[in-house]
Structure formats: structure tokens, C-alpha cells
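Here is the structure we will look at, set down as C-alpha cells.
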Amino acid sequence: MSRVYLDYNATTPVEPEVLDAMLPYFSADFGNASSIHTAGQRARAAVETARDQVATLIGARPQEIVFTSGGTESDNHAIFGVIGSLVEPPLLAVRSSSPVPTLPHVITTTIEHEAVLNACQAAEKQGVRVTYLPVDREGLADPESVRRAIRPETVLITIMHANNELGTIQSFEEIGRIAKEHKIYFHTDAVQSAGKIPIDVNALNVDLLSLSGHKLYAPKGVGALYVRSGTRLRQLLYGGHHQRGFRPGTENVAGIVGLGKAAEIARASLAGDAKHVSTLRDKLEHGLLERIPQVRVNGGHAPRTPNTTNIMFTGIEGEALVIALDLKGLACSVGAACSSGAVEPSHVLTAIGLSQDEAKSSLRFSLGRHTTEFEIDFALEVIPGAVAQLRALSPTYRTEAAAHQ
Amino acid sequence: MNTTTEFDTLPTREETQRGLVAIAMSGGVDSSTVAAVLQEQGRPIVGLTMQLWNQRRLPELQGDGPKQHRCCSLDDVYDARRVAQHLNFPHYVVNFEEQFEQRVVRPFVDQYLAGRTPIACTNCNTDIKFEPLLRMARQIGAERLATGHYARIRKNEQSARWELLRARDESKDQSYFLWGLSQEQLSRSDFPLGELTKEEVRALARRTNLPVAEKPESMELCFVPNGNYVQFIQAYSKDAGISLSQSEGEIVTEDGTVVGRHNGIHNFTVGQRKGLGFAAGKPLYVLSIDPDNNRVVVGDDDSLRTTSFEVNGVNWVSIEQPAGPVRATVKIRHKHEPADATVHPIDSTTARIAFDDPQRAITPGQGAVFYDGNRVLGGAWIR
């Protein structure tokens, strides 16, 4: 069976050029980038080239890039790093002239990735106060609500750039300006935007930015954190002096080389990729809206990453549709996978105002650089039939359809 | 009871439907062997493992000891997945936590608190496995659902009804838990282990090198850790905001004499002897539980034996609803030897059952299943 993959927001294949660039660093040039000798120097050179490449993708300086194990570590490092740098453990009080220690405050949104949400919840258990800002029906946070949420003890604003489920892109210029005005660190999880849309850390006004390798055609297990020069950040891990002490642990040289190469390719092909995937994404979206009754695009009126569409098929169980489509050879996704691999209703979709049932009946299709028109035609061929089959057996669809007439 | 000739004359299943079969896979040896059996028959299969209950929900119930195998644990999901990988067929974990809580866990707790002794497995079969799971199976393109139940289904061409029969391995028979199935549900279900003994199933699992071939059997309710109902009910009630106040009450004899105190009627089940909390000259048993007065009524073994009782939620399985009384052997709990009785229908959902001889501990909340030899005529809930 031929398989069509429309789940690039979950992960992407390693680009052949990326793999080629990585291969020497597994065996031939296997040196430890911290070693003095020639083997180490070759590895070090490769890591620094990659640092340049990643910095260039986001308009940063190389010394502002810290390599990590991926998006989750980058997010955790940003959040706990900022909190930790300002707080005296174990009291967790903001260093201030005020005699009464105040608990630090963090502002985020309700649609963040679990790496941010769960890190914030863990911080709350340590005494940090967190404001979870609501978003509108398109998944956008209002800069004014950010401004209103700021308190004297606010130390960090962390808001994702593009949402993984909806693709909606936050407008950061203003939020960034507000953060700067109040001298509050501003972090963004850019895992879903990097490589898909242009990113410039200065234009976005961010101090910290998280990246993940495997979302942009590099391997899993490598990511990066941009740390603006002068940002006070406590380290997350303790160990050697790798990466200027910011992130100890022997560098994952091959992975870092892969991330660098992927960043370089992304920068060069970004405009072309965006045009290619948005054309196909729009074709898919329009095709589904035309062919299937009672279909709606979630977050469709906001600026979106060019590859993502989130579609609600009224009256179906998204979990069943994903399985039905997978059995027909089409991979897409629904909700969030829980520890068993089963699906839980998406907190992002309920945050934009969908009911539990509406959230459960919504699927995400995310395209990639290698998606072809043929694959979209295949999707348009199999999805309507699968939806019809599910609806025919749905205990709720008939009545809902009747109610809409 | 049954003769082997009846088994020999069983019609073979029509092999007309060669389409995709979904298998409800718990991660145990039985449902895993179903996959091996169907695959050997050359049938296209897909495995579905239900995520039913999150053990983290009631963390206080998680002991320090090694986790036992339970059908809701991540270990079992992992095992089901390994079996699917081993046999190389598609497998998915599907989330039924919400339905399971609504239709199995909550009613289970409510029934206990109402002084009854529920059977969650019957609800799970009728309301989860052969309802939303079967529907999901059909939605993903499988017209049939196969499970690891030890029971058999056959079509009676004369009556045009689907009949439910006891398993060939009587020691493993699970027909007692399946009386709630409708004709539609039966027509779409496969019980491939119904003709096999447990030993044969184990042998099959070993022959096909299933990773779960030596896995011990789970005997407990999957969502109740260590089989401790009382602890579970208390923890769940607290979590769900169900009030357990007025939990203490009197233990009385049939004539109303107070002979002791109890610490909550959910600690008791009809026929129970241990745990009455007081010494007595002769063995005393729980005769009934009176939730309205929060009382436990006790008496001697003779008082525990009764002949007649009412049932509700009657479901006729292998026969149509009869016009008048029906002779049957009736089984009133999983380990009860079916006894001769007459079922007197009152209306379409209630009936009075009269045993020929008194039976011990007829317990409200349990199922009463009416058999004609091997056939499940129907079943109902003991009122």
C-alpha cells in the first residue's frame, strides 16, 4: 500500500542532504568537540558551522545559539532558566529591594505546547504564579491582554509563535515591544514556525526562542535555544563546561550538524516551500469544503503557517477517522496522544471555543516540502468516503444534520 | 447438562464475510491468541486496545509494590502493541475513558453505595465493547469485532435468531457476562476461542511465539487495583464528589435486633460471612442490605437460602420474548452452578424467577442468566 504522510507538524523526514552532512560525524570524524586534538577540532568546527547556520536562519548571532536535545528541553531551559536566575532557591523569592519576598510571575497562553504548559504547571508547584491568557476563536492572543496581565513581579512572557495544531501565527512585534517596555523576558516556542515562515529574533522582539530539529527535516534528539546576549539564564543541567557552561553534556555533533544543514536548506528554500505547500494546503482545504457537508476550518481566518489546516468534520469521532484513514494509507492527526497512545481532546481546540465534541471531531493535516499534488488528490479521494462511513454510523450526526436544515 | 454431540453438530460459521475483522485486544493471552487464530485463518485483522481508565486518577490506590497486570495499565497496552508487532498487523490504542467512566465505573460505584453487588464486566461488554467499540470497528471499515471471550455464537436458521452458547471449555465459560448482547451485536461478533480450551489457547500462543504466551491471567476488575473494592469506592467517591456521609450504621437481625455496627454498607455483600465486625455464637451471614435505613441485615445460613426473586432489564437472547413461563436453568453468579427454575415474565423487561430448590445468597446487582443446556435464553439484573 502506498502511504501518504500529511503529519509534518508531528515530525519530518531527515532530508537526504542533511543525512549526508551528518554521516561523517558518526564514525570518521567522531571526535569530542571539547577535545584539544585534531579529531576534537574537526568536531568543534562542524558544531560551530552549524551554530552559524542556525543563527542565520533566525537572524541571531552564533554565540546566542545553544544546542539542546530538542524543543522540550529548550522550552524548559527558557522557563526554568529565567525563573531560576531571578530567584533565590529555596525561597523562590524575586530579588528585590522590597522587604517581603514576592513570588515571580509568568505570563503564557492556554494554547501552548505541553512542553511549556507542563513546565509552567511544575513551576506553579514551586510557588511561581502563572497567568494563562485566553486566545480568541482563531487562536490569537491579544497584546493588550498581555499588557494587562503584567504585574511588578512578572519575570517572563512565553507565547508560542505558530500553533502546532492550528498553524495560527501570533503577531509578536507588539507583545515583544510591551515586554521590552516592562523589561520582562520574552520567550517563544518557535518549533512550528522555524523553517516554515521567516523568523527574525530582532523583528519579533524575543529574548529566547526554542527550535526543534525534527520539525525542519533534521533528526530527532537535537534542538536549539536562542538566548539573546545579556539574558540572565540559569543552567538547567549541571556538568562540564560545554557550550560555555550554558548546556553541559558532550555535544551531539552529528545531530547538531544535521540541524545546521537543515537550517541552511530551510533558509534557502523557505519561500519556495511556503508557496508549494500553501498551494497544496489550500487545494486540500477547498476540496474538502466542497466535497463534504458540515465541514469547518478551525483557525482559518488567522495568519497561518502555510502547511497546516485543522478541519472539523461535524458528527464524527476524530480518533476513528484517523484510524480509518491510516488503514487506507493516509496519515494525519487528532488531539494529543496520551501516555498509552490513545487520544485526548485537544486543549488548543477547546481553548479557541470548541466544545469537547467539536474538538474530538477535528483533524489536523500538515503538509511538507515533499508533499505532492498526487498525494493531495489521494487525500481528497479517500477522506470524503471515510467521513461518510463514519457519519453513517454516528449516533449523533443524523440529528445534528437535521437540526441544521 | 450438555452433551458433546451438541457441540459436534454446531454449524460452522458462514465464511461469507471475508472482510476486515477488528480484535478487541486487552494485552492478555486470550485476546492476543484471537489475533493469531484469525491471522492463521487468513483473515485481514486490525487490533484495537481500549484505554479505559487512568490509574493516575486515584494515585492513593497505587501501592508501593510491583504493579500487577491489569487490563487498564500501560503495561497491557504495551503488551497488546507487542503482539501486533510480532504478528505484523495494524493496531491502534483508542480512548474510551469517558464512556467507561460514565457507563461502567460510575454505575459500579453507585450500585455499591445503593447496597447492591454489581458486575462491571457485564456492563463493559454490553455498553462498551459491543457498543462504542463495535461502532468504532465498523467506522474504520471492519464489519465484525472479535474478542477473547470464551463463549460461542451461532445462527439458528429456523428461528433466524443469533444464539449465544456456553464455551466448550466449561471452566472458562464467560457466557454469564454476555447475556446483555442484542441480536445486532451478536450478529457482528466473533468469539474465536469458544471452541478451545484454555490449554489449547496457551499452546497456540506458545506455538505462535506470542510475547504474552506465559502471561498470568487477570482475575480482578481491571480498574480496581489489588481487588480492593472498598478502597476504590472510597477513593472514587471522594474524587467524584459523591458523599459517603451517613456511612456508619447498624447491623441487625431479621427481627430488627441490633447486633452490631458497620462502617458503610458498601463494605458488605449478600452471603458474606467475614468482616461482620462482631463475635456471634453461630456463623452469621449478610442476608440483605437496606440502603434506605443504612442497615445490614444478618442471619444464619438457612435464612440465606431463598427460592424466588425478581429481575429487571430482561434481555432475551437466543429466543424471542416468550408469552408465558419458561423452564430454564438459572445462574445467579459467576461461580454458581445453574439450578432448575421457572422464569415468569411480568412485562417486557421484568420477570419473577422461581427456583425449584432454594439457592444460597441471591444477590441484588448480580446477573441472573437463563440457560437451556448450552444456550443462553436470556438474562437480567437481580433486583
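Please note that chains go A, B, ... in the order of the C-alpha cells, that every chain numbers its residues from 1, and that ligands are numbered from 1 in the order shown.
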
Per residue of chain A within 6 Å of chain B, what are the shortest atom pair and its distance in Å to one decimal, counting only C-alpha atoms, with rows by chain and residue number, as a Markdown table?
```
| residue | atom | partner | partner_atom | distance |
| --- | --- | --- | --- | --- |
| A:Ala324 | CA | B:Ile140 | CA | 4.2 |
| A:Ser340 | CA | B:Leu74 | CA | 5.9 |
| A:Gly341 | CA | B:Val93 | CA | 5.8 |
| A:Ala342 | CA | B:Val94 | CA | 4.8 |
| A:Val343 | CA | B:Asn95 | CA | 5.7 |
| A:Leu390 | CA | B:Gln139 | CA | 4.9 |
```

For this session: Apply DSSP to the backbone of this structure and, from range 59-302 of chain A, keep only the residues in alpha helix (DSSP H); write these as a PyMOL selection string.
Result: chain A and resi 71-86+114-125+143-149+172-181+201-204+253-291

Exercise. Neighbours of Ala141 in chain A within 9 Å (only C-alpha atoms; same-chain residues fewer than 6 positions away dropped), as a list in words?
Worked result: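 Contacts, with the query itself left out: Thr109, Leu133, Pro134, Val135, Ile159, Gln170 and Ser171 of chain A.
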
Exercise. Residues of range 103-268 of chain A in strand (DSSP E or B) according to DSSP, as a PyMOL selection string?
Worked result: chain A and resi 105-109+129-133+154-158+162+168-169+185-189+194+197+208-212+223-227

Exercise. If you count only C-alpha atoms, which residues fall within 7 Å of Ser175 in chain B, apart from same-chain ones fewer than 3 positions away, as a VMD selection string?
Worked result: chain B and resid 151 165 to 166 178 to 179

How would the residues just picked look written out with N, CA and C atoms as a CSV table (one decimal), in the first residue's frame?
```csv
chain,number,residue,atom,x,y,z
B,151,ALA,N,-17.0,-18.1,24.8
B,151,ALA,CA,-18.5,-18.3,24.5
B,151,ALA,C,-18.6,-18.6,23.0
B,165,LEU,N,-24.0,-19.3,23.1
B,165,LEU,CA,-23.8,-20.6,23.8
B,165,LEU,C,-22.6,-20.6,24.7
B,166,ARG,N,-22.7,-21.4,25.7
B,166,ARG,CA,-21.6,-21.6,26.6
B,166,ARG,C,-20.3,-22.0,25.8
B,178,LEU,N,-22.3,-12.2,29.2
B,178,LEU,CA,-22.6,-11.7,27.8
B,178,LEU,C,-24.1,-11.7,27.5
B,179,TRP,N,-25.0,-11.9,28.6
B,179,TRP,CA,-26.4,-12.0,28.3
B,179,TRP,C,-27.0,-10.7,27.8
```

Exercise. Which residue out of B:Glu131, B:Pro59, B:Leu38, B:Leu210 has the minimum interatomic distance to Arg82 in chain B when only C-alpha atoms are used?
Worked result: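 Smallest separation from Arg82 in chain B among the options: B:Leu210.
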
Problem set entry | Gln39 in chain B environment, 12 Å, only C-alpha atoms, sequence neighbours closer than 5 positions dropped, as a list in words |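 In the requested form, the answer reads Arg18, Leu20, Val21, Ala22, Ile23, Ser32, Thr33, Val34, Pro44, Ile45, Val46, Gly47, Ala84, His86, Leu87, Asn88, Phe89, Pro90, Ala146, Pro192 and Thr208 of chain B.
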
Please save N, CA and C atoms of the selected residues as a PDB file, in the first residue's frame.
```pdb
ATOM      1  N   ARG B  18     -15.529 -12.079   4.439  1.00  0.00           N
ATOM      2  CA  ARG B  18     -14.077 -12.211   4.468  1.00  0.00           C
ATOM      3  C   ARG B  18     -13.421 -10.855   4.700  1.00  0.00           C
ATOM      4  N   LEU B  20     -12.449  -7.146   6.721  1.00  0.00           N
ATOM      5  CA  LEU B  20     -11.620  -6.795   7.868  1.00  0.00           C
ATOM      6  C   LEU B  20     -12.342  -7.108   9.179  1.00  0.00           C
ATOM      7  N   VAL B  21     -11.618  -7.751  10.108  1.00  0.00           N
ATOM      8  CA  VAL B  21     -12.151  -8.029  11.439  1.00  0.00           C
ATOM      9  C   VAL B  21     -11.335  -7.230  12.456  1.00  0.00           C
ATOM     10  N   ALA B  22     -12.039  -6.503  13.318  1.00  0.00           N
ATOM     11  CA  ALA B  22     -11.348  -5.803  14.399  1.00  0.00           C
ATOM     12  C   ALA B  22     -11.269  -6.738  15.602  1.00  0.00           C
ATOM     13  N   ILE B  23     -10.163  -6.693  16.318  1.00  0.00           N
ATOM     14  CA  ILE B  23      -9.995  -7.522  17.511  1.00  0.00           C
ATOM     15  C   ILE B  23      -9.848  -6.603  18.718  1.00  0.00           C
ATOM     16  N   SER B  32      -4.972 -11.895  22.598  1.00  0.00           N
ATOM     17  CA  SER B  32      -3.801 -11.956  21.719  1.00  0.00           C
ATOM     18  C   SER B  32      -3.856 -13.208  20.849  1.00  0.00           C
ATOM     19  N   THR B  33      -4.310 -14.308  21.458  1.00  0.00           N
ATOM     20  CA  THR B  33      -4.411 -15.553  20.695  1.00  0.00           C
ATOM     21  C   THR B  33      -5.493 -15.448  19.625  1.00  0.00           C
ATOM     22  N   VAL B  34      -6.537 -14.683  19.909  1.00  0.00           N
ATOM     23  CA  VAL B  34      -7.564 -14.440  18.885  1.00  0.00           C
ATOM     24  C   VAL B  34      -6.901 -13.892  17.619  1.00  0.00           C
ATOM     25  N   PRO B  44      -8.092 -10.717   7.211  1.00  0.00           N
ATOM     26  CA  PRO B  44      -7.459  -9.421   7.484  1.00  0.00           C
ATOM     27  C   PRO B  44      -7.917  -8.887   8.840  1.00  0.00           C
ATOM     28  N   ILE B  45      -6.980  -8.486   9.667  1.00  0.00           N
ATOM     29  CA  ILE B  45      -7.330  -8.075  11.032  1.00  0.00           C
ATOM     30  C   ILE B  45      -6.740  -6.712  11.381  1.00  0.00           C
ATOM     31  N   VAL B  46      -7.395  -6.063  12.324  1.00  0.00           N
ATOM     32  CA  VAL B  46      -6.864  -4.835  12.920  1.00  0.00           C
ATOM     33  C   VAL B  46      -7.116  -4.933  14.417  1.00  0.00           C
ATOM     34  N   GLY B  47      -6.114  -4.596  15.198  1.00  0.00           N
ATOM     35  CA  GLY B  47      -6.245  -4.664  16.656  1.00  0.00           C
ATOM     36  C   GLY B  47      -6.647  -3.321  17.235  1.00  0.00           C
ATOM     37  N   ALA B  84       0.863  -7.200  18.306  1.00  0.00           N
ATOM     38  CA  ALA B  84       0.562  -6.729  16.946  1.00  0.00           C
ATOM     39  C   ALA B  84       1.844  -6.589  16.126  1.00  0.00           C
ATOM     40  N   HIS B  86       4.563  -8.311  16.664  1.00  0.00           N
ATOM     41  CA  HIS B  86       5.062  -9.673  16.454  1.00  0.00           C
ATOM     42  C   HIS B  86       4.344 -10.343  15.290  1.00  0.00           C
ATOM     43  N   LEU B  87       3.034 -10.195  15.244  1.00  0.00           N
ATOM     44  CA  LEU B  87       2.274 -10.839  14.176  1.00  0.00           C
ATOM     45  C   LEU B  87       2.146  -9.940  12.938  1.00  0.00           C
ATOM     46  N   ASN B  88       2.591  -8.694  13.103  1.00  0.00           N
ATOM     47  CA  ASN B  88       2.627  -7.754  11.989  1.00  0.00           C
ATOM     48  C   ASN B  88       1.247  -7.451  11.400  1.00  0.00           C
ATOM     49  N   PHE B  89       0.396  -6.875  12.229  1.00  0.00           N
ATOM     50  CA  PHE B  89      -0.882  -6.363  11.719  1.00  0.00           C
ATOM     51  C   PHE B  89      -1.135  -4.999  12.351  1.00  0.00           C
ATOM     52  N   PRO B  90      -1.996  -4.186  11.719  1.00  0.00           N
ATOM     53  CA  PRO B  90      -2.213  -2.839  12.263  1.00  0.00           C
ATOM     54  C   PRO B  90      -2.902  -2.884  13.622  1.00  0.00           C
ATOM     55  N   ALA B 146     -14.002  -9.188  16.922  1.00  0.00           N
ATOM     56  CA  ALA B 146     -13.660 -10.452  17.574  1.00  0.00           C
ATOM     57  C   ALA B 146     -13.090 -10.148  18.948  1.00  0.00           C
ATOM     58  N   PRO B 192     -13.626 -16.382  18.732  1.00  0.00           N
ATOM     59  CA  PRO B 192     -12.856 -17.495  18.166  1.00  0.00           C
ATOM     60  C   PRO B 192     -12.345 -18.496  19.202  1.00  0.00           C
ATOM     61  N   THR B 208       2.763 -19.849  18.330  1.00  0.00           N
ATOM     62  CA  THR B 208       2.950 -18.649  17.507  1.00  0.00           C
ATOM     63  C   THR B 208       3.898 -17.656  18.175  1.00  0.00           C
TER      64      THR B 208
END
```

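Around range 112-125 of chain B, within 7 Å and counting only C-alpha atoms, the residues found are Val104, Phe108, Lys129, Phe130, Phe177, Leu178, Ile265, His266, Thr269, Ile289, Asp290, Pro291, Thr363, Pro364, Gly365 and Gln366 of chain B, once anything fewer than 4 positions away on its own chain is removed.
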
Exercise. Out of A:Ile311, A:Ala119, A:Ala203, A:Lys283, which residue has the shortest atom-to-atom distance to Phe374 in chain A when counting only C-alpha atoms?
Worked result: A:Lys283

Problem set entry | Neighbour list for Gly180 in chain B as a ChimeraX atom specification, cut-off 9 Å, only C-alpha atoms, skip fewer than 5 positions in-chain | /B:122-123,125-127,313-317,378-380

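The gap separating CA of Ser366 in chain A from CA of Gly167 in chain A is 8.9 Å, in Å to one decimal.
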
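In this comparison, which uses only C-alpha atoms, the residue of A:Ile36, A:Ile184, A:Val116, A:Ala266 approaching Glu15 in chain A most closely is A:Ala266.
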